[in-house]
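Below is the file input.cif, which contains mmCIF, C-alpha atoms; chains and numbers go by the auth columns.
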data_target
#
loop_
_atom_site.group_PDB
_atom_site.id
_atom_site.type_symbol
_atom_site.label_atom_id
_atom_site.label_comp_id
_atom_site.label_asym_id
_atom_site.label_seq_id
_atom_site.Cartn_x
_atom_site.Cartn_y
_atom_site.Cartn_z
_atom_site.B_iso_or_equiv
_atom_site.auth_seq_id
_atom_site.auth_asym_id
ATOM 1 C CA MET A 1 77.925 79.130 110.102 0.00 1 A
ATOM 2 C CA LYS A 2 81.088 79.081 108.011 0.00 2 A
ATOM 3 C CA THR A 3 83.573 81.929 108.327 0.00 3 A
ATOM 4 C CA LEU A 4 86.269 82.633 105.764 0.00 4 A
ATOM 5 C CA ILE A 5 89.170 84.653 107.188 0.00 5 A
ATOM 6 C CA ILE A 6 91.422 86.571 104.797 0.00 6 A
ATOM 7 C CA TYR A 7 94.594 87.329 106.715 0.00 7 A
ATOM 8 C CA ASN A 8 97.508 89.513 105.605 0.00 8 A
ATOM 9 C CA HIS A 9 100.570 90.052 107.766 0.00 9 A
ATOM 10 C CA PRO A 10 104.050 88.642 107.089 0.00 10 A
ATOM 11 C CA TYR A 11 105.140 88.249 110.727 0.00 11 A
ATOM 12 C CA GLU A 12 103.675 85.545 112.978 0.00 12 A
ATOM 13 C CA GLY A 13 104.735 87.460 116.090 0.00 13 A
ATOM 14 C CA SER A 14 102.593 90.455 115.147 0.00 14 A
ATOM 15 C CA TYR A 15 99.555 91.769 116.969 0.00 15 A
ATOM 16 C CA ASN A 16 97.583 90.982 113.822 0.00 16 A
ATOM 17 C CA TYR A 17 98.444 87.315 114.332 0.00 17 A
ATOM 18 C CA ALA A 18 97.156 87.560 117.916 0.00 18 A
ATOM 19 C CA ILE A 19 93.923 89.003 116.494 0.00 19 A
ATOM 20 C CA LEU A 20 93.672 86.060 114.087 0.00 20 A
ATOM 21 C CA GLU A 21 94.087 83.657 117.016 0.00 21 A
ATOM 22 C CA SER A 22 91.359 85.487 118.984 0.00 22 A
ATOM 23 C CA VAL A 23 88.945 85.311 116.049 0.00 23 A
ATOM 24 C CA VAL A 24 89.607 81.573 115.676 0.00 24 A
ATOM 25 C CA LYS A 25 89.153 81.003 119.440 0.00 25 A
ATOM 26 C CA GLY A 26 85.812 82.812 119.348 0.00 26 A
ATOM 27 C CA ILE A 27 84.565 80.855 116.336 0.00 27 A
ATOM 28 C CA THR A 28 85.717 77.608 117.961 0.00 28 A
ATOM 29 C CA ARG A 29 83.894 78.478 121.193 0.00 29 A
ATOM 30 C CA ALA A 30 80.744 79.028 119.114 0.00 30 A
ATOM 31 C CA GLN A 31 81.336 75.645 117.438 0.00 31 A
ATOM 32 C CA GLY A 32 81.472 77.349 114.073 0.00 32 A
ATOM 33 C CA LYS A 33 83.459 76.336 111.008 0.00 33 A
ATOM 34 C CA TYR A 34 86.240 78.463 109.619 0.00 34 A
ATOM 35 C CA GLU A 35 88.979 78.546 107.030 0.00 35 A
ATOM 36 C CA VAL A 36 91.951 80.898 106.842 0.00 36 A
ATOM 37 C CA ILE A 37 93.424 82.271 103.640 0.00 37 A
ATOM 38 C CA ASP A 38 96.865 83.493 104.691 0.00 38 A
ATOM 39 C CA LEU A 39 97.891 85.650 101.749 0.00 39 A
ATOM 40 C CA ASP A 40 101.531 85.864 102.866 0.00 40 A
ATOM 41 C CA LYS A 41 101.993 82.127 103.440 0.00 41 A
ATOM 42 C CA GLU A 42 100.197 81.265 100.228 0.00 42 A
ATOM 43 C CA ASN A 43 102.439 83.633 98.231 0.00 43 A
ATOM 44 C CA PHE A 44 99.407 85.231 96.618 0.00 44 A
ATOM 45 C CA ASN A 45 100.355 87.302 93.574 0.00 45 A
ATOM 46 C CA PRO A 46 98.533 90.642 93.921 0.00 46 A
ATOM 47 C CA VAL A 47 99.577 92.010 90.515 0.00 47 A
ATOM 48 C CA MET A 48 96.851 92.596 87.938 0.00 48 A
ATOM 49 C CA THR A 49 98.185 91.376 84.594 0.00 49 A
ATOM 50 C CA SER A 50 96.942 92.374 81.145 0.00 50 A
ATOM 51 C CA ALA A 51 95.103 89.028 81.051 0.00 51 A
ATOM 52 C CA ASP A 52 93.416 89.848 84.399 0.00 52 A
ATOM 53 C CA LEU A 53 92.325 93.243 83.072 0.00 53 A
ATOM 54 C CA LEU A 54 90.948 91.737 79.873 0.00 54 A
ATOM 55 C CA GLY A 55 89.105 89.202 82.009 0.00 55 A
ATOM 56 C CA PHE A 56 87.719 92.067 84.103 0.00 56 A
ATOM 57 C CA VAL A 57 86.230 93.639 80.959 0.00 57 A
ATOM 58 C CA LYS A 58 84.792 90.292 79.810 0.00 58 A
ATOM 59 C CA HIS A 59 83.662 89.314 83.343 0.00 59 A
ATOM 60 C CA GLN A 60 85.736 86.143 83.109 0.00 60 A
ATOM 61 C CA ALA A 61 88.496 85.789 85.685 0.00 61 A
ATOM 62 C CA VAL A 62 91.683 84.053 84.519 0.00 62 A
ATOM 63 C CA ASP A 63 93.800 83.712 87.688 0.00 63 A
ATOM 64 C CA PRO A 64 93.097 80.171 88.996 0.00 64 A
ATOM 65 C CA ILE A 65 94.022 81.104 92.580 0.00 65 A
ATOM 66 C CA ALA A 66 91.704 84.138 92.537 0.00 66 A
ATOM 67 C CA ILE A 67 88.925 81.948 91.136 0.00 67 A
ATOM 68 C CA SER A 68 89.482 79.369 93.906 0.00 68 A
ATOM 69 C CA TYR A 69 89.363 82.132 96.541 0.00 69 A
ATOM 70 C CA ALA A 70 86.088 83.423 95.068 0.00 70 A
ATOM 71 C CA GLU A 71 84.635 79.907 95.266 0.00 71 A
ATOM 72 C CA LYS A 72 85.540 79.825 98.961 0.00 72 A
ATOM 73 C CA ILE A 73 83.846 83.194 99.456 0.00 73 A
ATOM 74 C CA LYS A 74 80.691 81.823 97.802 0.00 74 A
ATOM 75 C CA GLU A 75 80.539 79.076 100.442 0.00 75 A
ATOM 76 C CA ALA A 76 81.006 81.462 103.385 0.00 76 A
ATOM 77 C CA ASP A 77 78.338 82.975 105.614 0.00 77 A
ATOM 78 C CA HIS A 78 80.785 85.476 107.095 0.00 78 A
ATOM 79 C CA LEU A 79 83.931 87.066 105.664 0.00 79 A
ATOM 80 C CA VAL A 80 86.605 88.408 108.006 0.00 80 A
ATOM 81 C CA PHE A 81 89.540 90.496 106.791 0.00 81 A
ATOM 82 C CA ILE A 82 92.495 91.040 109.175 0.00 82 A
ATOM 83 C CA PHE A 83 95.356 93.319 108.160 0.00 83 A
ATOM 84 C CA PRO A 84 97.410 96.331 109.279 0.00 84 A
ATOM 85 C CA ILE A 85 96.965 99.845 107.932 0.00 85 A
ATOM 86 C CA TRP A 86 100.219 100.926 106.273 0.00 86 A
ATOM 87 C CA TRP A 87 100.484 104.457 104.891 0.00 87 A
ATOM 88 C CA GLU A 88 96.780 104.941 105.671 0.00 88 A
ATOM 89 C CA MET A 89 95.627 101.998 103.494 0.00 89 A
ATOM 90 C CA MET A 90 95.732 98.220 103.246 0.00 90 A
ATOM 91 C CA PRO A 91 98.912 96.293 102.350 0.00 91 A
ATOM 92 C CA ALA A 92 99.541 95.314 98.717 0.00 92 A
ATOM 93 C CA LEU A 93 98.442 91.686 99.158 0.00 93 A
ATOM 94 C CA THR A 94 95.044 92.719 100.512 0.00 94 A
ATOM 95 C CA LYS A 95 94.622 95.302 97.749 0.00 95 A
ATOM 96 C CA GLY A 96 95.540 92.686 95.145 0.00 96 A
ATOM 97 C CA PHE A 97 93.046 90.259 96.695 0.00 97 A
ATOM 98 C CA ILE A 98 90.329 92.898 96.343 0.00 98 A
ATOM 99 C CA ASP A 99 91.355 93.639 92.739 0.00 99 A
ATOM 100 C CA LYS A 100 91.515 90.008 91.623 0.00 100 A
ATOM 101 C CA VAL A 101 88.856 88.281 93.750 0.00 101 A
ATOM 102 C CA ILE A 102 86.118 90.881 94.288 0.00 102 A
ATOM 103 C CA TYR A 103 85.653 90.679 90.558 0.00 103 A
ATOM 104 C CA PRO A 104 82.807 90.937 88.046 0.00 104 A
ATOM 105 C CA GLY A 105 81.370 87.559 87.249 0.00 105 A
ATOM 106 C CA LEU A 106 82.873 86.046 90.410 0.00 106 A
ATOM 107 C CA THR A 107 81.462 87.908 93.413 0.00 107 A
ATOM 108 C CA TYR A 108 79.317 90.615 91.785 0.00 108 A
ATOM 109 C CA ASP A 109 77.931 91.704 88.458 0.00 109 A
ATOM 110 C CA TYR A 110 76.486 94.855 86.938 0.00 110 A
ATOM 111 C CA LYS A 111 72.823 95.649 86.494 0.00 111 A
ATOM 112 C CA GLU A 112 71.523 96.630 83.047 0.00 112 A
ATOM 113 C CA ASN A 113 72.347 100.300 83.637 0.00 113 A
ATOM 114 C CA GLY A 114 76.045 99.331 83.753 0.00 114 A
ATOM 115 C CA ILE A 115 76.607 101.300 86.971 0.00 115 A
ATOM 116 C CA SER A 116 74.696 99.621 89.796 0.00 116 A
ATOM 117 C CA MET A 117 75.989 96.305 91.059 0.00 117 A
ATOM 118 C CA VAL A 118 74.391 93.108 92.268 0.00 118 A
ATOM 119 C CA CYS A 119 76.078 90.751 94.745 0.00 119 A
ATOM 120 C CA LEU A 120 76.648 87.159 93.577 0.00 120 A
ATOM 121 C CA LEU A 121 77.127 85.872 97.127 0.00 121 A
ATOM 122 C CA PRO A 122 73.690 84.679 98.310 0.00 122 A
ATOM 123 C CA LYS A 123 75.066 82.839 101.373 0.00 123 A
ATOM 124 C CA LEU A 124 77.051 85.811 102.671 0.00 124 A
ATOM 125 C CA LYS A 125 75.395 87.366 105.714 0.00 125 A
ATOM 126 C CA ALA A 126 78.154 89.658 107.033 0.00 126 A
ATOM 127 C CA THR A 127 81.641 90.995 106.421 0.00 127 A
ATOM 128 C CA THR A 128 83.943 92.136 109.223 0.00 128 A
ATOM 129 C CA VAL A 129 87.152 94.085 108.661 0.00 129 A
ATOM 130 C CA ILE A 130 89.642 94.195 111.554 0.00 130 A
ATOM 131 C CA THR A 131 92.578 96.571 111.172 0.00 131 A
ATOM 132 C CA THR A 132 95.464 97.840 113.260 0.00 132 A
ATOM 133 C CA MET A 133 97.222 101.169 112.895 0.00 133 A
ATOM 134 C CA ASN A 134 99.367 103.565 114.878 0.00 134 A
ATOM 135 C CA THR A 135 97.461 106.665 113.773 0.00 135 A
ATOM 136 C CA PRO A 136 95.032 108.118 116.350 0.00 136 A
ATOM 137 C CA LYS A 137 91.385 107.520 115.377 0.00 137 A
ATOM 138 C CA ILE A 138 90.496 111.219 115.238 0.00 138 A
ATOM 139 C CA MET A 139 93.527 111.989 113.067 0.00 139 A
ATOM 140 C CA TYR A 140 92.704 109.108 110.718 0.00 140 A
ATOM 141 C CA LYS A 141 89.186 110.489 110.356 0.00 141 A
ATOM 142 C CA LEU A 142 89.918 114.214 110.081 0.00 142 A
ATOM 143 C CA THR A 143 93.353 114.340 108.437 0.00 143 A
ATOM 144 C CA TYR A 144 93.151 111.240 106.235 0.00 144 A
ATOM 145 C CA GLY A 145 89.402 111.228 105.668 0.00 145 A
ATOM 146 C CA ASN A 146 88.839 107.672 106.902 0.00 146 A
ATOM 147 C CA ALA A 147 90.555 106.470 103.731 0.00 147 A
ATOM 148 C CA LEU A 148 89.884 102.778 104.322 0.00 148 A
ATOM 149 C CA LYS A 149 86.207 103.355 105.039 0.00 149 A
ATOM 150 C CA LYS A 150 85.787 105.278 101.798 0.00 150 A
ATOM 151 C CA ALA A 151 87.859 102.955 99.604 0.00 151 A
ATOM 152 C CA LEU A 152 87.139 99.478 100.997 0.00 152 A
ATOM 153 C CA ILE A 153 84.015 99.544 103.167 0.00 153 A
ATOM 154 C CA LYS A 154 81.896 101.859 100.998 0.00 154 A
ATOM 155 C CA GLY A 155 83.782 101.883 97.682 0.00 155 A
ATOM 156 C CA THR A 156 84.151 98.111 97.359 0.00 156 A
ATOM 157 C CA PHE A 157 82.106 96.018 99.776 0.00 157 A
ATOM 158 C CA LYS A 158 78.904 98.072 100.019 0.00 158 A
ATOM 159 C CA LYS A 159 79.124 99.193 96.389 0.00 159 A
ATOM 160 C CA SER A 160 79.320 95.571 95.214 0.00 160 A
ATOM 161 C CA GLY A 161 76.243 94.672 97.271 0.00 161 A
ATOM 162 C CA MET A 162 77.707 93.085 100.408 0.00 162 A
ATOM 163 C CA LYS A 163 75.506 93.526 103.468 0.00 163 A
ATOM 164 C CA ASN A 164 76.225 93.988 107.174 0.00 164 A
ATOM 165 C CA VAL A 165 79.756 95.290 106.716 0.00 165 A
ATOM 166 C CA ASN A 166 81.443 96.105 110.039 0.00 166 A
ATOM 167 C CA TRP A 167 84.859 97.698 110.591 0.00 167 A
ATOM 168 C CA ILE A 168 86.795 97.193 113.852 0.00 168 A
ATOM 169 C CA SER A 169 89.620 99.724 113.857 0.00 169 A
ATOM 170 C CA LEU A 170 92.287 99.310 116.546 0.00 170 A
ATOM 171 C CA ASN A 171 94.253 102.546 116.701 0.00 171 A
ATOM 172 C CA MET A 172 97.558 103.567 118.282 0.00 172 A
ATOM 173 C CA VAL A 173 98.445 99.891 118.758 0.00 173 A
ATOM 174 C CA LYS A 174 102.192 100.481 119.060 0.00 174 A
ATOM 175 C CA MET A 175 101.659 103.039 121.827 0.00 175 A
ATOM 176 C CA SER A 176 98.964 101.131 123.721 0.00 176 A
ATOM 177 C CA LYS A 177 99.614 99.288 126.978 0.00 177 A
ATOM 178 C CA VAL A 178 99.680 95.506 127.142 0.00 178 A
ATOM 179 C CA GLU A 179 96.474 95.508 129.204 0.00 179 A
ATOM 180 C CA LYS A 180 94.608 97.434 126.513 0.00 180 A
ATOM 181 C CA ARG A 181 95.828 95.084 123.786 0.00 181 A
ATOM 182 C CA GLN A 182 94.751 92.073 125.844 0.00 182 A
ATOM 183 C CA LYS A 183 91.335 93.654 126.384 0.00 183 A
ATOM 184 C CA TRP A 184 90.934 94.178 122.635 0.00 184 A
ATOM 185 C CA LEU A 185 91.786 90.513 122.025 0.00 185 A
ATOM 186 C CA LYS A 186 89.282 89.325 124.647 0.00 186 A
ATOM 187 C CA ASN A 187 86.571 91.559 123.157 0.00 187 A
ATOM 188 C CA ILE A 188 87.250 90.196 119.662 0.00 188 A
ATOM 189 C CA GLU A 189 87.141 86.604 120.899 0.00 189 A
ATOM 190 C CA GLN A 190 83.856 87.270 122.690 0.00 190 A
ATOM 191 C CA LYS A 191 82.369 88.976 119.633 0.00 191 A
ATOM 192 C CA PHE A 192 83.025 85.913 117.488 0.00 192 A
ATOM 193 C CA ALA A 193 81.910 83.526 120.236 0.00 193 A
ATOM 194 C CA ASN A 194 78.546 85.327 120.269 0.00 194 A
ATOM 195 C CA MET A 195 77.942 85.050 116.515 0.00 195 A
#
Can you give me the file's structure in the form of structure tokens?
Amino acid sequence: MKTLIIYNHPYEGSYNYAILESVVKGITRAQGKYEVIDLDKENFNPVMTSADLLGFVKHQAVDPIAISYAEKIKEADHLVFIFPIWWEMMPALTKGFIDKVIYPGLTYDYKENGISMVCLLPKLKATTVITTMNTPKIMYKLTYGNALKKALIKGTFKKSGMKNVNWISLNMVKMSKVEKRQKWLKNIEQKFANM
């Protein structure tokens, strides 16, 4: 199994980085293959240009980096996204990745009705999203309407035909005790070791 990890956090001392390390440890224990796309280190440009938008209409991507990322996705059995929730949504680099890589003609296309979508990723078996936030889970659900679930999980991944989409939401990270954070990391490592 090959896992492609899309990682977005600018600080290597972050808890998100510890999550990335746990995912890699789990995959390694399972003797799986993996590759990491570190959007911050790779200086990914998240901005949709007029050329990108024209390409979107024509179903012909123009950004060579986005095209290369889509090719990597096509070779993956499992996608893993790791990022923090800032202001109740994903950071700009992750959003730009979604805009420029989850793209018609690259990872999905439209059916004849022009509304329904078909996934162009036959190898992809699962997608896992791992996020951190300081908002309590119940508040994120009731006050903010599970914004990420609506926009990314349902509104992008499931809508574009991806299957087996799972969201691991770690809440109140800043306020949690060290023991709880360590337990989360062990659970994530074990999850990926069992895949």
For this session: Output the residue selection produced by the PyMOL selection byres ((chain A and resi 144-147) around 12) on the file above, formatted as a ChimeraX atom specification.
Result: /A:85-90,135-143,148-155,167,169
Per-axis box centre and lengths in Å around segment 53-57 of chain A, 6 Å margin per side, axis-aligned, as AutoDock Vina command-line options:
--center_x 89.3 --center_y 91.4 --center_z 82.0 --size_x 18.1 --size_y 16.4 --size_z 16.2
Problem set entry | Val101 of chain A environment, 8 Å, only C-alpha atoms, sequence neighbours closer than 6 positions dropped, as a PyMOL selection string | chain A and resi 66-67+69-70+107
For this session: Run the PyMOL selection byres ((chain A and resi 189) around 10) against the file shown and list the residues it catches, as an MDAnalysis selection string.
Result: chainID A and resid 19:29 183:188 190:194
Each residue of segment 71-187 of chain A lying at most 9 Å from segment 31-54 of chain A should get a row with its shortest atom-to-atom pair and the distance in Å to one decimal, counting all atoms listed in the file; could you produce that, ordered by chain and increasing number, as CSV?
residue,atom,partner,partner_atom,distance
A:Lys72,CA,A:Glu35,CA,8.9
A:Ala76,CA,A:Tyr34,CA,8.7
A:Ala92,CA,A:Pro46,CA,6.8
A:Leu93,CA,A:Pro46,CA,5.3
A:Thr94,CA,A:Leu39,CA,7.7
A:Lys95,CA,A:Pro46,CA,7.2
A:Gly96,CA,A:Pro46,CA,3.8
A:Phe97,CA,A:Pro46,CA,6.2
A:Ile98,CA,A:Pro46,CA,8.8
A:Asp99,CA,A:Met48,CA,7.4
A:Lys100,CA,A:Met48,CA,7.0
Just-selected residues, C-alpha atoms written as a compact mmCIF listing (two decimals), in the coordinates of the input:
# COMPACT_ATOMS: atom_id res chain seq x y z
CA LYS A 72 85.54 79.82 98.96
CA ALA A 76 81.01 81.46 103.38
CA ALA A 92 99.54 95.31 98.72
CA LEU A 93 98.44 91.69 99.16
CA THR A 94 95.04 92.72 100.51
CA LYS A 95 94.62 95.30 97.75
CA GLY A 96 95.54 92.69 95.14
CA PHE A 97 93.05 90.26 96.70
CA ILE A 98 90.33 92.90 96.34
CA ASP A 99 91.36 93.64 92.74
CA LYS A 100 91.52 90.01 91.62
Evaluate the PyMOL selection byres ((chain A and resi 134) around 8) against this structure - the residues, as a short mmCIF file (atom, residue, chain, number, x, y, z; two decimals) with C-alpha atoms, in the coordinates of the input, please.
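Okay, out.cif is ready:
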data_model
loop_
_atom_site.label_atom_id
_atom_site.label_comp_id
_atom_site.auth_asym_id
_atom_site.auth_seq_id
_atom_site.Cartn_x
_atom_site.Cartn_y
_atom_site.Cartn_z
CA THR A 132 95.46 97.84 113.26
CA MET A 133 97.22 101.17 112.90
CA THR A 135 97.46 106.66 113.77
CA PRO A 136 95.03 108.12 116.35
CA ASN A 171 94.25 102.55 116.70
CA MET A 172 97.56 103.57 118.28
CA VAL A 173 98.44 99.89 118.76
CA LYS A 174 102.19 100.48 119.06
CA MET A 175 101.66 103.04 121.83
#
Exercise. Residues at most 12 Å from Ile115 of chain A, counting all atoms listed in the file, excluding those fewer than 4 positions away in the same chain, as an MDAnalysis selection string?
Worked result: chainID A and resid 109:111 159:160
Same residues, C-alpha atoms, saved as an mmCIF file, keeping the file's coordinate frame:
data_model
loop_
_atom_site.group_PDB
_atom_site.id
_atom_site.type_symbol
_atom_site.label_atom_id
_atom_site.label_comp_id
_atom_site.auth_asym_id
_atom_site.auth_seq_id
_atom_site.Cartn_x
_atom_site.Cartn_y
_atom_site.Cartn_z
ATOM 1 C CA ASP A 109 77.931 91.704 88.458
ATOM 2 C CA TYR A 110 76.486 94.855 86.938
ATOM 3 C CA LYS A 111 72.823 95.649 86.494
ATOM 4 C CA LYS A 159 79.124 99.193 96.389
ATOM 5 C CA SER A 160 79.320 95.571 95.214
#
Exercise. Restricting the calculation to all atoms listed in the file, which member of A:His9, A:Asn164, A:Tyr103, A:Glu75 is positioned closest to Gln60 of chain A?
Worked result: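 That would be A:Tyr103, the residue with the smallest distance to Gln60 of chain A.
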For this session: Write out as an NGL selection string the residues lying within 10 Å of Tyr17 of chain A, counting only C-alpha atoms and excluding same-chain residues fewer than 5 positions away.
Result: :A and (7-12 or 22-23 or 82-83)
How about saving the chosen residues, C-alpha atoms kept, as a short mmCIF file (atom, residue, chain, number, x, y, z; two decimals), in the coordinates of the input?
data_model
loop_
_atom_site.label_atom_id
_atom_site.label_comp_id
_atom_site.auth_asym_id
_atom_site.auth_seq_id
_atom_site.Cartn_x
_atom_site.Cartn_y
_atom_site.Cartn_z
CA TYR A 7 94.59 87.33 106.72
CA ASN A 8 97.51 89.51 105.60
CA HIS A 9 100.57 90.05 107.77
CA PRO A 10 104.05 88.64 107.09
CA TYR A 11 105.14 88.25 110.73
CA GLU A 12 103.68 85.54 112.98
CA SER A 22 91.36 85.49 118.98
CA VAL A 23 88.94 85.31 116.05
CA ILE A 82 92.50 91.04 109.18
CA PHE A 83 95.36 93.32 108.16
#
Problem set entry | Selection: 6 Å around Ile5 of chain A, only C-alpha atoms, excl. self and same-chain fewer than 5 positions, as a ChimeraX atom specification | /A:36,79-81
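Minimum atom-to-atom distances from A:Asn16, A:Ser68, A:Ser176, A:Thr156 to Thr127 of chain A were compared using all atoms listed in the file, and the lowest value belongs to A:Thr156.
Closest approach to Phe56 of chain A from the set A:Pro84, A:Pro91, A:Gly13, A:Gly105 is made by A:Gly105, with distances taken over all atoms listed in the file.
Of note, atom CA of Tyr108 of chain A and atom CA of Leu120 of chain A are spaced 4.7 Å apart.
Using only C-alpha atoms, the nearest neighbour of Thr131 of chain A within the list A:Leu170, A:Lys177, A:Lys58, A:Ile102 is A:Leu170.
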